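Trainee: Input input-v9.txt, format and content: compact mmCIF, C-alpha atoms.
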# COMPACT_ATOMS: atom_id res chain seq x y z
CA MET Q 1170 -29.46 43.16 -23.61
CA ARG Q 1171 -27.67 46.52 -23.19
CA THR Q 1172 -24.35 44.69 -22.77
CA LEU Q 1173 -24.98 42.69 -25.93
CA LEU Q 1174 -25.83 45.80 -27.95
CA LEU Q 1175 -22.70 47.61 -26.75
CA SER Q 1176 -20.66 44.55 -27.55
CA LEU Q 1177 -22.06 44.46 -31.06
CA LEU Q 1178 -21.34 48.16 -31.56
CA VAL Q 1179 -17.70 47.56 -30.69
CA LEU Q 1180 -17.73 44.65 -33.12
CA GLY Q 1181 -18.95 46.93 -35.87
CA ILE Q 1182 -16.07 49.35 -35.25
CA TRP Q 1183 -13.29 46.79 -34.96
CA ALA Q 1184 -14.34 43.99 -37.30
CA GLY Q 1185 -12.65 45.64 -40.25
CA PHE Q 1186 -9.34 45.59 -38.41
CA VAL Q 1187 -9.49 42.17 -36.80
CA PHE Q 1188 -11.40 40.08 -39.31
CA GLY Q 1189 -10.20 39.16 -42.75
CA GLU Q 1190 -7.68 36.44 -41.98
CA ALA Q 1191 -8.44 33.68 -44.51
CA VAL Q 1192 -7.05 30.21 -44.92
CA PHE Q 1193 -7.53 30.24 -48.70
CA PRO Q 1194 -6.01 32.75 -51.11
CA LEU Q 1195 -8.79 34.65 -52.85
CA THR Q 1196 -7.73 33.15 -56.18
CA ALA Q 1197 -7.69 29.56 -54.92
CA PRO Q 1198 -10.43 27.24 -56.19
CA ALA Q 1199 -13.28 26.65 -53.79
CA PRO Q 1200 -13.13 23.42 -51.82
CA SER Q 1201 -15.47 20.70 -52.98
CA PRO Q 1202 -18.58 19.81 -50.96
CA ALA Q 1203 -16.92 16.48 -50.14
CA GLU Q 1204 -13.91 18.27 -48.61
CA VAL Q 1205 -16.18 20.36 -46.40
CA LEU Q 1206 -18.27 17.41 -45.26
CA ASN Q 1207 -15.16 15.30 -44.60
CA TYR Q 1208 -13.77 18.06 -42.41
CA LEU Q 1209 -17.08 18.28 -40.55
CA ALA Q 1210 -17.03 14.51 -39.95
CA GLU Q 1211 -13.53 14.76 -38.45
CA ILE Q 1212 -14.54 17.35 -35.83
CA GLY Q 1213 -16.20 14.65 -33.77
CA PHE Q 1214 -19.80 15.73 -33.31
CA SER Q 1215 -22.36 13.01 -32.74
CA GLN Q 1216 -23.17 10.92 -35.79
CA GLU Q 1217 -26.80 12.05 -35.69
CA PHE Q 1218 -25.89 15.75 -35.68
CA THR Q 1219 -23.17 15.34 -38.29
CA THR Q 1220 -25.54 13.55 -40.64
CA ALA Q 1221 -28.31 16.12 -40.21
CA LEU Q 1222 -25.94 19.04 -40.72
CA SER Q 1223 -24.20 17.41 -43.69
CA THR Q 1224 -27.53 16.85 -45.44
CA THR Q 1225 -28.60 20.44 -44.89
CA LEU Q 1226 -25.24 21.92 -45.91
CA LEU Q 1227 -25.12 19.89 -49.10
CA LEU Q 1228 -28.56 21.21 -50.03
CA GLY Q 1229 -27.35 24.72 -49.20
CA PHE Q 1230 -24.35 24.34 -51.52
CA GLN Q 1231 -26.56 23.05 -54.31
CA THR Q 1232 -29.14 25.85 -54.03
CA GLY Q 1233 -26.80 28.79 -53.43
CA ARG Q 1234 -27.66 29.39 -49.77
CA ALA Q 1235 -24.12 28.59 -48.64
CA THR Q 1236 -20.65 28.41 -50.18
CA THR Q 1237 -18.09 25.72 -49.57
CA THR Q 1238 -15.31 28.28 -49.03
CA VAL Q 1239 -16.89 30.17 -46.13
CA THR Q 1240 -18.42 27.03 -44.63
CA LEU Q 1241 -15.02 25.34 -44.41
CA LEU Q 1242 -13.43 28.48 -42.97
CA LEU Q 1243 -16.16 28.65 -40.34
CA LEU Q 1244 -15.77 24.98 -39.44
CA GLN Q 1245 -12.04 25.51 -39.03
CA ASP Q 1246 -12.73 28.45 -36.73
CA LEU Q 1247 -15.33 26.56 -34.71
CA ALA Q 1248 -12.97 23.62 -34.22
CA LYS Q 1249 -10.99 25.89 -31.86
CA ILE Q 1250 -13.81 26.40 -29.34
CA PRO Q 1251 -15.57 23.90 -27.03
CA LYS Q 1252 -17.45 21.33 -29.06
CA ASP Q 1253 -20.81 21.92 -27.40
CA GLN Q 1254 -20.62 25.64 -28.18
CA ALA Q 1255 -19.62 24.94 -31.77
CA GLU Q 1256 -22.54 22.55 -32.15
CA GLN Q 1257 -24.98 25.14 -30.81
CA THR Q 1258 -23.76 27.67 -33.38
CA LEU Q 1259 -24.01 25.17 -36.22
CA GLU Q 1260 -27.48 24.07 -35.15
CA ILE Q 1261 -28.75 27.65 -35.55
CA LEU Q 1262 -27.25 27.76 -39.04
CA ARG Q 1263 -28.70 24.34 -39.86
CA TYR Q 1264 -32.16 25.47 -38.81
CA ALA Q 1265 -31.86 28.71 -40.80
CA LEU Q 1266 -30.96 26.72 -43.92
CA SER Q 1267 -33.83 24.31 -43.30
CA GLN Q 1268 -36.17 27.32 -43.33
CA GLY Q 1269 -34.89 28.39 -46.74
CA PHE Q 1270 -32.77 31.34 -45.61
CA ILE Q 1271 -29.43 32.33 -47.15
CA VAL Q 1272 -26.71 31.94 -44.49
CA ASP Q 1273 -23.62 32.65 -46.58
CA THR Q 1274 -23.03 35.16 -49.37
CA GLY Q 1275 -19.31 34.54 -49.80
CA LEU Q 1276 -16.31 36.09 -48.07
CA THR Q 1277 -18.03 39.47 -47.90
CA GLY Q 1278 -21.58 40.63 -47.47
CA SER Q 1279 -24.50 40.03 -45.14
CA SER Q 1280 -24.51 36.53 -43.74
CA MET Q 1281 -24.79 34.59 -40.52
CA MET Q 1282 -21.61 32.68 -41.32
CA ASN Q 1283 -19.56 35.86 -41.77
CA GLU Q 1284 -21.09 37.24 -38.56
CA ALA Q 1285 -20.01 34.13 -36.68
CA ARG Q 1286 -16.48 34.32 -38.11
CA LYS Q 1287 -16.11 37.98 -37.12
CA LEU Q 1288 -17.20 37.23 -33.57
CA LEU Q 1289 -14.82 34.28 -33.36
CA ALA Q 1290 -11.95 36.44 -34.64
CA LEU Q 1291 -12.71 38.91 -31.85
CA GLY Q 1292 -12.54 36.14 -29.28
CA ARG Q 1293 -16.23 36.16 -28.39
CA SER Q 1294 -17.58 33.19 -26.49
CA GLY Q 1295 -19.65 30.50 -28.10
CA GLU Q 1296 -22.60 31.56 -25.95
CA GLU Q 1297 -22.44 35.14 -27.25
CA ILE Q 1298 -22.12 33.95 -30.84
CA SER Q 1299 -25.22 31.80 -30.43
CA ARG Q 1300 -27.15 34.75 -28.96
CA VAL Q 1301 -26.20 36.98 -31.87
CA LEU Q 1302 -27.03 34.37 -34.49
CA SER Q 1303 -30.36 33.66 -32.79
CA LEU Q 1304 -31.20 37.36 -33.08
CA ARG Q 1305 -30.18 37.40 -36.75
CA LEU Q 1306 -32.38 34.36 -37.38
CA SER Q 1307 -35.26 36.09 -35.61
CA PHE Q 1308 -34.84 39.13 -37.86
CA LEU Q 1309 -35.00 36.86 -40.92
CA LEU Q 1310 -38.16 35.13 -39.70
CA ALA Q 1311 -39.81 38.42 -38.73
CA THR Q 1312 -38.91 40.13 -42.01
CA ARG Q 1313 -40.36 37.30 -44.07
CA ASP Q 1314 -43.54 37.38 -41.99
CA VAL Q 1315 -44.01 41.13 -42.28
CA LEU Q 1316 -43.27 41.33 -46.01
CA GLY Q 1317 -45.82 38.60 -46.61
CA ARG Q 1318 -48.40 40.17 -44.32
CA TYR Q 1319 -48.22 43.51 -46.14
CA GLY Q 1320 -48.11 41.95 -49.60
CA LEU Q 1321 -44.64 43.34 -50.37
CA MET Q 1322 -42.92 40.15 -51.46
CA PRO Q 1323 -42.29 40.24 -55.23
CA GLY Q 1324 -42.64 36.46 -55.31
CA SER Q 1325 -42.78 33.51 -52.98
CA PRO Q 1326 -39.57 32.63 -51.15
CA ALA Q 1327 -38.02 29.51 -52.61
CA SER Q 1328 -38.38 26.25 -50.74
CA PRO Q 1329 -35.14 25.08 -49.06
CA ASP Q 1330 -34.47 22.55 -51.84
CA ALA Q 1331 -34.94 25.05 -54.70
CA PRO Q 1332 -32.38 27.55 -56.06
CA ILE Q 1333 -32.47 30.93 -54.37
CA THR Q 1334 -34.51 33.74 -55.88
CA PRO Q 1335 -34.25 37.55 -55.72
CA THR Q 1336 -36.96 37.41 -53.06
CA ASP Q 1337 -34.70 35.32 -50.82
CA ARG Q 1338 -31.90 37.87 -51.14
CA LEU Q 1339 -34.33 40.75 -50.47
CA ILE Q 1340 -35.45 39.08 -47.24
CA LEU Q 1341 -31.82 38.62 -46.20
CA GLU Q 1342 -30.77 42.20 -46.92
CA LEU Q 1343 -33.84 43.82 -45.38
CA ALA Q 1344 -33.48 41.69 -42.27
CA TRP Q 1345 -29.80 42.52 -42.10
CA ALA Q 1346 -30.41 46.26 -42.42
CA CYS Q 1347 -33.00 46.16 -39.64
CA GLY Q 1348 -30.68 44.12 -37.45
CA ASP Q 1349 -27.73 46.41 -38.08
CA PHE Q 1350 -29.74 49.47 -37.10
CA ILE Q 1351 -31.08 47.97 -33.89
CA LEU Q 1352 -27.98 46.03 -32.84
CA TRP Q 1353 -25.12 48.16 -34.12
CA GLU Q 1354 -26.45 51.68 -34.61
CA GLY Q 1355 -28.08 51.77 -31.20
CA GLY Q 1356 -31.42 52.75 -32.71
CA GLY Q 1357 -34.89 51.84 -31.54
CA PRO Q 1358 -37.99 50.76 -33.45
CA SER Q 1359 -39.51 54.27 -33.23
CA ASP Q 1360 -36.30 56.07 -34.18
CA PRO Q 1361 -37.01 58.44 -37.12
CA ARG Q 1362 -33.69 57.39 -38.66
CA PHE Q 1363 -34.76 53.76 -38.95
CA LEU Q 1364 -36.72 53.91 -42.21
CA PRO Q 1365 -34.21 56.14 -44.08
CA PHE Q 1366 -31.37 53.86 -42.92
CA VAL Q 1367 -33.08 50.76 -44.31
CA GLN Q 1368 -34.15 52.44 -47.55
CA GLU Q 1369 -30.67 53.80 -48.20
CA ARG Q 1370 -29.20 50.33 -47.66
CA LEU Q 1371 -31.62 48.74 -50.13
CA ASN Q 1372 -31.06 51.47 -52.72
CA ARG Q 1373 -27.29 51.09 -52.45
CA LEU Q 1374 -27.53 47.32 -52.92
CA CYS Q 1375 -29.75 47.87 -55.97
CA ALA Q 1376 -27.21 50.31 -57.40
CA VAL Q 1377 -24.37 47.78 -57.20
CA GLY Q 1378 -26.47 44.90 -58.52
CA VAL Q 1379 -26.79 42.86 -55.32
CA LEU Q 1380 -30.56 43.39 -55.41
CA PRO Q 1381 -32.80 43.89 -58.45
CA ALA Q 1382 -34.28 47.34 -59.11
CA GLU Q 1383 -37.64 46.12 -57.85
CA ALA Q 1384 -36.20 45.90 -54.35
CA GLY Q 1385 -35.78 49.67 -54.32
CA LYS Q 1386 -39.48 50.07 -55.07
CA ILE Q 1387 -40.30 47.73 -52.19
CA GLY Q 1388 -38.03 49.79 -49.96
CA ALA Q 1389 -39.92 52.94 -50.97
CA ALA Q 1390 -43.19 51.23 -50.02
CA LEU Q 1391 -42.00 50.43 -46.51
CA ALA Q 1392 -43.54 52.36 -43.65
CA PRO Q 1393 -42.25 52.95 -40.10
CA GLU Q 1394 -44.92 50.70 -38.60
CA MET Q 1395 -43.73 47.80 -40.76
CA LEU Q 1396 -40.20 48.07 -39.43
CA GLN Q 1397 -41.52 48.47 -35.90
CA GLU Q 1398 -43.50 45.27 -36.36
CA ILE Q 1399 -40.35 43.44 -37.48
CA VAL Q 1400 -38.56 44.49 -34.29
CA ARG Q 1401 -41.54 43.54 -32.11
CA LEU Q 1402 -41.61 40.08 -33.66
CA VAL Q 1403 -37.87 39.65 -33.04
CA PHE Q 1404 -38.12 40.40 -29.33
CA GLN Q 1405 -41.65 39.06 -28.84
CA PRO Q 1406 -41.72 35.93 -31.05
CA GLU Q 1407 -45.00 34.78 -29.50
CA ARG Q 1408 -46.69 37.51 -31.59
CA ARG Q 1409 -45.95 35.57 -34.79
Show the structure stored in the file as structure tokens.
Mentor:
Amino acid sequence: MRTLLLSLLVLGIWAGFVFGEAVFPLTAPAPSPAEVLNYLAEIGFSQEFTTALSTTLLLGFQTGRATTTVTLLLLQDLAKIPKDQAEQTLEILRYALSQGFIVDTGLTGSSMMNEARKLLALGRSGEEISRVLSLRLSFLLATRDVLGRYGLMPGSPASPDAPITPTDRLILELAWACGDFILWEGGGPSDPRFLPFVQERLNRLCAVGVLPAEAGKIGAALAPEMLQEIVRLVFQPERR
């Protein structure tokens, strides 16, 4: 685990220099869902997996949990690594979408797809990418559980086949902040910097309009033990 955390810290330092190479100009129109799914079909995964992933991705495009631009870029990146490793990465994303989580917020921002692309750009192995994405998924699951347990969700998370809500984005950003602190900042669940780090992140996202103002109030209601519980659930999933 120590090696993984150090690796992720290096990623945080260098991602801004290495990542950012895009196939599409920023002004180019987004590819259609059909273009993305056709590209997926040409990679050569099993028919069963391709069908399952295509169905889930299409739902993600329709509900705002994924974009065609980043999905196609990621598929192009994954086509360069061994097929079994690419499939493992995509299966984690498929499962996250099936649970109603946002996996793609566009070319910038907090998302599992952007995380995978950064790691691929840095030459990380498929196994490492899967480990990182599995941790990110665990943070999403744990955050949703804890917010619900403490009655801090402003509304119910949308079902996977419904358009995303502000609650879905709050879960994503809170989970991402917790994950960044533990994985990139080298902090621990009892670190006194943990709560201020998360609250500052939420307040900043409210200020720029990524999150509604209500999210800042939820951030203010967080307590250290809530964040500690999120981390415990990530690394001890049997507690869920």
Trainee: Starting from the point (-34.4, 40.5, -45.1), work out which residues of protein, DNA or RNA have an atom no more than 10 Å away when counting all atoms listed in the file; state them as a ChimeraX atom specification.
Mentor: /Q:1270-1271,1279,1305,1308-1313,1316,1336-1348
Trainee: Which distance in Å separates CA of Thr1334 in chain Q and CA of Arg1300 in chain Q, to one decimal?
Mentor: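 Distance reported for this atom pair: 27.9 Å.
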Trainee: Using all atoms listed in the file, which residues sit within 12 Å of Val1367 in chain Q once same-chain residues fewer than 6 positions away are excluded, as a PyMOL selection string?
Mentor: chain Q and resi 1339+1342-1351+1354+1356+1358+1360-1361+1373-1374+1384-1385+1387-1393+1395-1396
Trainee: Mind pulling up the distance from CA of Phe1230 in chain Q to CA of Leu1289 in chain Q?
Mentor: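 Taking CA of Leu1289 in chain Q and CA of Phe1230 in chain Q, their separation equals 22.8 Å.
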Trainee: If you measure from CA of Ser1325 in chain Q to CA of Glu1383 in chain Q, what distance in Å do you get, rounded to one decimal?
Mentor: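 About the pair CA of Ser1325 in chain Q and CA of Glu1383 in chain Q: they are 14.5 Å apart.
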Trainee: Considering all atoms listed in the file, state which residue in the set Q:Ala1327, Q:Met1282, Q:Val1377, Q:Leu1371 is at the smallest distance from Leu1241 in chain Q.
Mentor: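 The closest residue to Leu1241 in chain Q is Q:Met1282.
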Trainee: Restricting the calculation to all atoms listed in the file, which member of Q:Asn1283, Q:Gly1213, Q:Thr1277, Q:Ala1382 is positioned closest to Leu1242 in chain Q?
Mentor: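 Closest residue, counting all atoms listed in the file: Q:Asn1283.
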Trainee: Of the residues Q:Gly1233, Q:Thr1258, Q:Leu1222, Q:Leu1209, which is the one nearest to Gly1295 in chain Q, using all atoms listed in the file?
Mentor: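 Between Q:Gly1233, Q:Thr1258, Q:Leu1222, Q:Leu1209, the residue approaching Gly1295 in chain Q most closely is Q:Thr1258.
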Trainee: Hey, which of Q:Phe1214, Q:Trp1353, Q:Tyr1319, Q:Tyr1264 ends up closest to Met1281 in chain Q? Count only C-alpha atoms.
Mentor: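 Among the listed residues, the smallest separation from Met1281 in chain Q belongs to Q:Tyr1264.
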Trainee: Counting all atoms listed in the file, what is within 12 Å of Glu1284 in chain Q, bar same-chain residues fewer than 3 positions away, as a PyMOL selection string?
Mentor: chain Q and resi 1177+1180-1181+1184+1188-1189+1239+1243+1258+1262+1272-1281+1287-1291+1293+1297-1306+1345+1348-1349
Trainee: Using only C-alpha atoms for the distances, tell me which of Q:Leu1206, Q:Ala1197, Q:Ile1212, Q:Leu1226 is nearest to Asp1330 in chain Q.
Mentor: Q:Leu1226
Trainee: For Ser1328 in chain Q, which residue among Q:Val1400, Q:Leu1228, Q:Ala1221, Q:Ala1210 is the nearest when counting all atoms listed in the file?
Mentor: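 Smallest separation from Ser1328 in chain Q among the options: Q:Leu1228.
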Trainee: Report as a list in words all protein, DNA and RNA residues lying within 9 Å of Ala1255 in chain Q, evaluated on all atoms listed in the file, omitting residues in the same chain fewer than 5 positions from it.
Mentor: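 Listing them by chain and then by number gives Leu1244, Leu1247, Ala1248, Lys1249, Ile1250, Glu1260, Gly1295 and Ser1299 of chain Q.
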